[in-house]
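Structure file coords-v3.txt with compact mmCIF, C-alpha atoms:
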# COMPACT_ATOMS: atom_id res chain seq x y z
CA MET A 74 0.00 0.00 0.00
CA GLU A 75 1.17 3.55 -0.72
CA ILE A 76 3.36 5.05 1.97
CA ASN A 77 2.07 8.41 3.35
CA ALA A 78 -1.36 7.77 1.87
CA SER A 79 -4.16 10.11 2.94
CA TYR A 80 -7.52 8.94 4.26
CA THR A 81 -10.45 11.24 4.81
CA SER A 82 -12.88 8.90 6.58
CA LEU A 83 -12.98 5.74 8.70
CA VAL A 84 -15.86 3.47 9.75
CA ALA A 85 -15.27 0.73 12.33
CA VAL A 86 -17.54 -2.34 12.45
CA GLY A 87 -17.50 -5.17 14.98
CA ASP A 88 -17.87 -6.14 18.63
CA SER A 89 -16.23 -5.21 21.96
CA PHE A 90 -12.74 -5.49 20.50
CA THR A 91 -13.50 -2.57 18.18
CA GLU A 92 -15.79 -0.72 20.59
CA GLY A 93 -12.71 -0.36 22.78
CA MET A 94 -13.20 -2.47 25.89
CA SER A 95 -11.33 -2.32 28.24
CA ASP A 96 -9.53 0.96 27.47
CA LEU A 97 -11.59 2.85 30.04
CA LEU A 98 -11.72 6.67 30.17
CA PRO A 99 -12.41 8.72 33.33
CA ASP A 100 -15.98 9.45 32.20
CA GLY A 101 -16.78 5.73 31.98
CA SER A 102 -16.65 5.49 28.18
CA TYR A 103 -14.17 3.41 26.22
CA ARG A 104 -11.44 4.55 23.85
CA GLY A 105 -10.03 1.62 21.92
CA TRP A 106 -7.72 1.11 18.99
CA ALA A 107 -10.25 2.42 16.46
CA ASP A 108 -10.57 5.71 18.34
CA VAL A 109 -6.78 6.01 18.66
CA LEU A 110 -6.39 5.28 14.95
CA ALA A 111 -9.07 7.82 14.03
CA SER A 112 -7.40 10.46 16.17
CA ARG A 113 -4.09 9.91 14.42
CA LEU A 114 -5.64 9.90 10.95
CA ALA A 115 -7.55 13.10 11.76
CA ALA A 116 -4.31 14.85 12.66
CA ARG A 117 -3.15 14.33 9.07
CA THR A 118 -6.32 15.35 7.23
CA PRO A 119 -8.47 18.43 7.93
CA GLY A 120 -12.14 17.56 7.70
CA PHE A 121 -11.55 13.91 8.62
CA ARG A 122 -14.72 11.97 9.54
CA TYR A 123 -15.11 8.91 11.76
CA ALA A 124 -17.86 6.56 12.90
CA ASN A 125 -17.52 3.63 15.30
CA LEU A 126 -20.54 1.32 14.96
CA ALA A 127 -19.13 -1.60 16.99
CA VAL A 128 -21.09 -2.96 19.97
CA ARG A 129 -19.85 -5.31 22.69
CA GLY A 130 -21.05 -8.91 22.69
CA LYS A 131 -22.29 -8.96 19.10
CA LEU A 132 -22.18 -12.19 17.10
CA ILE A 133 -21.32 -12.18 13.42
CA GLY A 134 -24.97 -12.43 12.37
CA GLN A 135 -25.85 -9.39 14.48
CA ILE A 136 -22.90 -7.44 13.09
CA VAL A 137 -24.05 -8.17 9.55
CA ASP A 138 -27.71 -7.41 10.24
CA GLU A 139 -27.18 -4.28 12.34
CA GLN A 140 -23.94 -2.65 11.18
CA VAL A 141 -22.83 -3.72 7.70
CA GLU A 142 -25.50 -2.02 5.58
CA VAL A 143 -25.19 1.14 7.67
CA ALA A 144 -21.40 1.16 7.23
CA ALA A 145 -21.58 0.47 3.49
CA ALA A 146 -23.92 3.41 2.98
CA MET A 147 -21.33 5.78 4.46
CA ARG A 148 -18.90 5.16 1.57
CA ALA A 149 -15.79 5.60 3.71
CA ASP A 150 -12.18 5.62 2.58
CA VAL A 151 -11.43 2.88 5.12
CA VAL A 152 -13.72 0.34 6.78
CA THR A 153 -12.47 -2.05 9.45
CA LEU A 154 -14.38 -5.28 10.06
CA VAL A 155 -13.61 -7.61 12.96
CA GLY A 156 -16.22 -10.20 13.87
CA GLY A 157 -16.91 -13.86 14.44
CA LEU A 158 -14.67 -14.39 17.45
CA ASN A 159 -17.61 -14.20 19.88
CA ASP A 160 -19.24 -17.01 17.92
CA THR A 161 -16.15 -19.23 18.21
CA LEU A 162 -16.07 -18.75 21.99
CA ARG A 163 -19.60 -20.09 22.49
CA PRO A 164 -20.04 -23.70 23.69
CA THR A 165 -21.65 -24.58 20.36
CA CYS A 166 -20.76 -22.80 17.16
CA ASP A 167 -21.98 -23.34 13.60
CA MET A 168 -18.82 -22.51 11.68
CA GLY A 169 -20.68 -22.91 8.39
CA MET A 170 -23.01 -20.12 9.46
CA VAL A 171 -20.06 -17.97 10.59
CA ARG A 172 -18.40 -18.49 7.24
CA GLY A 173 -21.53 -17.53 5.33
CA ARG A 174 -22.27 -14.38 7.34
CA LEU A 175 -18.67 -13.18 7.33
CA GLU A 176 -18.49 -13.73 3.59
CA GLU A 177 -21.73 -11.77 3.23
CA ALA A 178 -20.25 -8.88 5.21
CA VAL A 179 -17.06 -8.73 3.15
CA GLU A 180 -18.93 -8.94 -0.15
CA ARG A 181 -21.09 -5.98 0.89
CA LEU A 182 -18.38 -3.81 2.41
CA ALA A 183 -15.46 -4.30 0.01
CA PRO A 184 -17.07 -2.52 -2.98
CA SER A 185 -18.43 0.28 -0.79
CA CYS A 186 -15.15 1.65 0.52
CA GLY A 187 -11.67 2.59 -0.62
CA LYS A 188 -9.99 -0.08 1.51
CA LEU A 189 -11.47 -2.83 3.66
CA VAL A 190 -9.31 -3.91 6.61
CA LEU A 191 -9.83 -7.34 8.21
CA MET A 192 -8.00 -8.81 11.19
CA ARG A 193 -6.72 -12.03 12.64
CA SER A 194 -7.63 -11.18 16.23
CA PRO A 195 -5.17 -11.54 19.13
CA GLY A 196 -5.66 -14.13 21.84
CA ARG A 197 -4.47 -14.09 25.44
CA ASN A 198 -2.27 -17.07 26.25
CA GLY A 199 -3.97 -19.53 28.54
CA PRO A 200 -6.36 -22.53 28.77
CA VAL A 201 -9.31 -20.71 27.17
CA MET A 202 -7.19 -19.90 24.16
CA GLU A 203 -6.09 -23.51 23.82
CA ARG A 204 -9.63 -24.83 24.04
CA PHE A 205 -10.98 -22.63 21.26
CA ARG A 206 -7.84 -22.34 19.13
CA PRO A 207 -9.03 -24.72 16.33
CA ARG A 208 -12.19 -22.68 15.77
CA MET A 209 -10.25 -19.42 15.88
CA GLU A 210 -7.73 -20.64 13.35
CA GLU A 211 -10.55 -21.80 11.08
CA LEU A 212 -12.01 -18.30 11.30
CA PHE A 213 -8.65 -16.69 10.54
CA ALA A 214 -8.10 -18.95 7.53
CA LEU A 215 -11.42 -17.68 6.21
CA VAL A 216 -10.33 -14.08 6.84
CA ASP A 217 -7.21 -14.66 4.74
CA GLU A 218 -9.26 -16.30 1.99
CA LEU A 219 -11.80 -13.49 1.83
CA ALA A 220 -9.11 -10.81 1.91
CA ALA A 221 -7.33 -12.36 -1.06
CA ARG A 222 -10.58 -12.67 -2.98
CA HIS A 223 -11.73 -9.09 -2.34
CA ASP A 224 -8.41 -7.22 -2.20
CA ALA A 225 -8.81 -6.44 1.48
CA ALA A 226 -5.92 -5.84 3.87
CA VAL A 227 -5.32 -8.22 6.80
CA VAL A 228 -3.74 -7.17 10.09
CA ASP A 229 -2.21 -10.30 11.63
CA LEU A 230 -2.51 -9.69 15.37
CA TYR A 231 -2.81 -13.41 16.07
CA GLY A 232 0.69 -13.92 14.67
CA ALA A 233 2.26 -11.36 17.04
CA PRO A 234 3.49 -13.14 20.20
CA VAL A 235 3.49 -9.95 22.27
CA LEU A 236 -0.30 -9.66 21.99
CA GLY A 237 -0.59 -12.97 23.81
CA ASP A 238 1.21 -11.48 26.82
CA PRO A 239 -1.25 -11.43 29.76
CA ARG A 240 0.04 -7.97 30.74
CA LEU A 241 -1.65 -6.51 27.66
CA TRP A 242 -5.04 -7.89 28.74
CA ASP A 243 -7.49 -6.49 31.25
CA VAL A 244 -8.51 -8.35 34.42
CA ASP A 245 -11.47 -9.89 32.56
CA ARG A 246 -8.93 -11.71 30.32
CA LEU A 247 -11.12 -10.99 27.28
CA HIS A 248 -10.22 -7.41 26.39
CA LEU A 249 -7.02 -5.49 25.81
CA THR A 250 -5.58 -2.78 28.05
CA ALA A 251 -4.89 0.75 26.81
CA GLU A 252 -1.39 -0.34 25.77
CA GLY A 253 -2.80 -3.31 23.89
CA HIS A 254 -5.20 -1.05 22.00
CA ARG A 255 -2.38 1.39 21.24
CA ARG A 256 -0.39 -1.42 19.66
CA VAL A 257 -3.37 -2.54 17.56
CA ALA A 258 -3.86 1.03 16.34
CA GLU A 259 -0.22 1.15 15.29
CA ALA A 260 -0.57 -2.20 13.50
CA VAL A 261 -3.55 -0.93 11.47
CA TRP A 262 -1.77 2.38 10.87
CA GLN A 263 1.18 0.58 9.30
CA THR A 264 -1.10 -1.73 7.31
CA LEU A 265 -2.66 1.38 5.77
CA GLY A 266 0.77 2.32 4.43
CA LEU A 267 1.53 5.06 6.95
CA PRO A 268 5.02 5.63 8.40
CA PRO A 269 5.71 3.58 11.56
CA GLU A 270 5.78 5.47 14.82
CA SER A 271 6.65 2.49 17.03
CA ASP A 272 7.31 -1.23 16.91
CA TRP A 273 3.96 -2.68 17.91
CA ARG A 274 5.42 -6.19 17.89
CA ALA A 275 8.16 -5.36 20.44
CA PRO A 276 8.03 -7.70 23.46
CA LEU A 277 7.40 -6.34 26.94
CA PRO A 278 10.29 -6.28 29.41
CA ALA A 279 10.95 -9.56 31.18
CA LEU A 280 9.10 -9.89 34.48
CA ALA A 281 9.58 -12.35 37.30
CA PRO A 282 6.64 -14.78 37.41
CA ALA A 283 4.03 -14.14 40.10
CA ARG A 284 4.01 -16.46 43.09
CA TRP A 285 1.64 -19.43 43.06
CA ALA A 286 -0.55 -18.06 45.87
CA ALA A 287 -0.93 -14.68 44.14
CA ARG A 288 -1.94 -16.40 40.88
CA ARG A 289 -4.58 -18.48 42.65
CA VAL A 290 -6.08 -15.42 44.36
CA GLU A 291 -6.26 -13.67 41.00
CA ASP A 292 -7.85 -16.75 39.40
CA VAL A 293 -10.58 -16.83 42.05
CA ARG A 294 -11.26 -13.10 41.65
CA PHE A 295 -11.43 -13.48 37.87
CA ALA A 296 -13.86 -16.41 38.11
CA ARG A 297 -16.18 -14.60 40.51
CA GLN A 298 -16.20 -11.19 38.83
CA HIS A 299 -15.92 -12.09 35.16
CA LEU A 300 -16.06 -15.79 34.24
CA LEU A 301 -19.26 -16.74 36.07
CA PRO A 302 -21.26 -13.72 34.78
CA TRP A 303 -19.99 -14.47 31.25
CA ILE A 304 -21.13 -18.11 31.54
CA GLY A 305 -24.48 -16.95 32.93
CA ARG A 306 -25.08 -14.74 29.89
CA ARG A 307 -24.22 -17.61 27.56
CA LEU A 308 -26.63 -19.97 29.31
CA THR A 309 -29.51 -17.49 29.30
CA GLY A 310 -28.97 -16.15 25.77
CA ARG A 311 -28.19 -12.65 27.00
CA SER A 312 -25.40 -10.39 25.75
CA SER A 313 -23.47 -7.49 27.24
CA GLY A 314 -24.51 -5.55 24.13
CA ASP A 315 -28.26 -5.98 24.58
CA GLY A 316 -29.97 -2.59 24.21
CA ARG A 317 -26.77 -0.83 23.13
CA ALA A 318 -25.96 0.96 19.89
CA GLY A 319 -22.62 1.94 18.39
CA ALA A 320 -21.04 5.19 19.56
CA GLN A 321 -21.90 6.93 16.30
CA PHE A 322 -25.31 5.38 15.71
CA ASP A 323 -28.52 7.26 16.47
CA ALA A 324 -30.91 4.54 17.62
CA GLU A 325 -33.96 6.84 17.54
CA ARG A 326 -33.39 7.80 13.92
CA GLY A 327 -31.99 4.41 12.92
CA ARG A 328 -28.94 5.80 11.18
CA ALA A 329 -25.26 6.38 11.74
CA PHE A 330 -23.57 9.76 11.82
CA TRP A 331 -20.06 11.06 11.34
CA VAL A 332 -17.94 12.81 13.94
CA THR A 333 -15.05 15.14 13.16
CA PRO A 334 -12.44 16.73 15.47
CA GLU A 335 -13.74 19.50 17.69
CA GLU A 336 -10.41 21.32 17.80
CA LYS A 337 -9.54 23.91 15.22
CA GLY A 338 -6.54 22.89 13.15
CA TRP A 339 -6.97 19.18 13.90
CA ALA A 340 -3.91 19.11 16.13
CA ALA A 341 -3.10 15.69 17.54
CA PRO A 342 -4.11 14.12 19.76
CA VAL A 343 -7.81 14.62 19.17
CA ALA A 344 -9.55 14.88 22.53
CA THR A 345 -13.14 15.61 21.54
CA TRP A 346 -15.28 15.16 18.46
CA ARG A 347 -18.36 16.93 17.18
CA GLN A 348 -21.17 15.38 15.19
CA VAL A 349 -21.72 16.28 11.55
CA GLU A 350 -24.80 15.48 9.52
CA SER A 351 -24.14 13.40 6.40
CA GLY A 352 -20.52 14.52 6.52
CA GLU A 353 -21.52 18.07 5.54
CA ARG A 354 -23.96 19.91 7.80
CA GLU A 355 -23.02 20.23 11.45
CA GLY A 356 -25.49 18.76 13.92
CA ARG A 357 -25.56 18.82 17.67
CA ASP A 358 -22.21 18.67 19.50
CA ALA A 359 -20.91 15.26 20.53
CA SER A 360 -17.86 14.85 22.75
CA GLY A 361 -15.92 11.62 22.93
CA SER A 362 -16.24 8.75 20.45
Would you put the structure from the file into structure tokens?
Amino acid sequence: MEINASYTSLVAVGDSFTEGMSDLLPDGSYRGWADVLASRLAARTPGFRYANLAVRGKLIGQIVDEQVEVAAAMRADVVTLVGGLNDTLRPTCDMGMVRGRLEEAVERLAPSCGKLVLMRSPGRNGPVMERFRPRMEELFALVDELAARHDAAVVDLYGAPVLGDPRLWDVDRLHLTAEGHRRVAEAVWQTLGLPPESDWRAPLPALAPARWAARRVEDVRFARQHLLPWIGRRLTGRSSGDGRAGAQFDAERGRAFWVTPEEKGWAAPVATWRQVESGEREGRDASGS
């Protein structure tokens, strides 16, 4: 891809990984890799527009039904699509269905944007990863296949050992920390042909392993606060995304909207965004993303 390319708009589609959990801001909202990437792209291009439609907990069918058509209609320079991993982590998973819906999403999005970006998602090292690894690798093989067929870019996070380091994962062991999201943003940035600002694959400094007792205490805390509620939602058919809409989706009007940097001059880093109607007329103010 062309080095120093310019992009005027970005739409992010997916689940909690793209929504930004668990890169928590002081106001209780999340700022993940897509927001970091948008902020950096906006600093290069006055008038840059961004929309994050991703919602935590969404399965690939929900992503296709609720986000893909909306994203395609926005005709962005760049669209990122990450989905299907929540399906593979369920006790039962119809991989044929996942394949069909993901293929449907790519076929709809690829012609609608300048560049479609897909990902091989990262996975935290541990027993959960080992249990579901075959399904995940089947999903990632499909991602590679679809990217080759539709001239999409693939960001291989799964193939970066550092993103398996538990220190880059939040206490829920499902979502990246702020540093993990920063590294993902840099990976996408470089995939888009932009000059590297850091080595996102660089390993973390060596750290003495935690004592056995400390690990067991942490395991018990994780099971009580995160694992058991997650299992409960799976058993009852509930999702953490129930009733939620993407950050730049107006549920009352049933349509997405763009945001653009609030600051004059688009100086990095972008701290706040304002809403614009159809990418042209300014609407009500919207801070955050």
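Between Val261 of chain A and the candidates A:Ala183, A:Met170, A:Ala107, A:Ala127, the tightest atom-to-atom separation, counting all atoms listed in the file, involves A:Ala107.
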If you measure from atom CA of Phe213 of chain A to atom CA of Ser194 of chain A, what distance in Å do you get, rounded to one decimal?
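Atom-to-atom, atom CA of Phe213 of chain A and atom CA of Ser194 of chain A are spaced 8.0 Å apart.
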When you look at segment 320-327 of chain A with a cut-off of 8 Å (counting all atoms listed in the file), what residues show up, excluding the ones that are within fewer than 3 positions of it in the same chain? I need them as a PyMOL selection string.
chain A and resi 92+124-127+330-332+362
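Separating atom CA of Thr333 of chain A from atom CA of Tyr123 of chain A is a distance of 6.4 Å.
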Hey, which of A:Val343, A:Val257, A:Ala275, A:Ala251 ends up closest to Leu230 of chain A? Count only C-alpha atoms.
A:Val257
To one decimal place, how far is atom CA of Met94 of chain A from atom CA of Ala226 of chain A in Å?
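According to the coordinates, atom CA of Met94 of chain A and atom CA of Ala226 of chain A are separated by 23.4 Å.
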Identify which of the residues A:Arg197, A:Leu191, A:Gln140, A:Pro334 lies closest to Val244 of chain A, counting all atoms listed in the file when measuring atom-to-atom distances.
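Of all the options, A:Arg197 lies closest to Val244 of chain A.
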Quick one: residues within 10 Å of Leu215 of chain A, only C-alpha atoms, excluding same-chain residues fewer than 6 positions away - as a ChimeraX atom specification?
/A:171-172,175-176,193,209,221
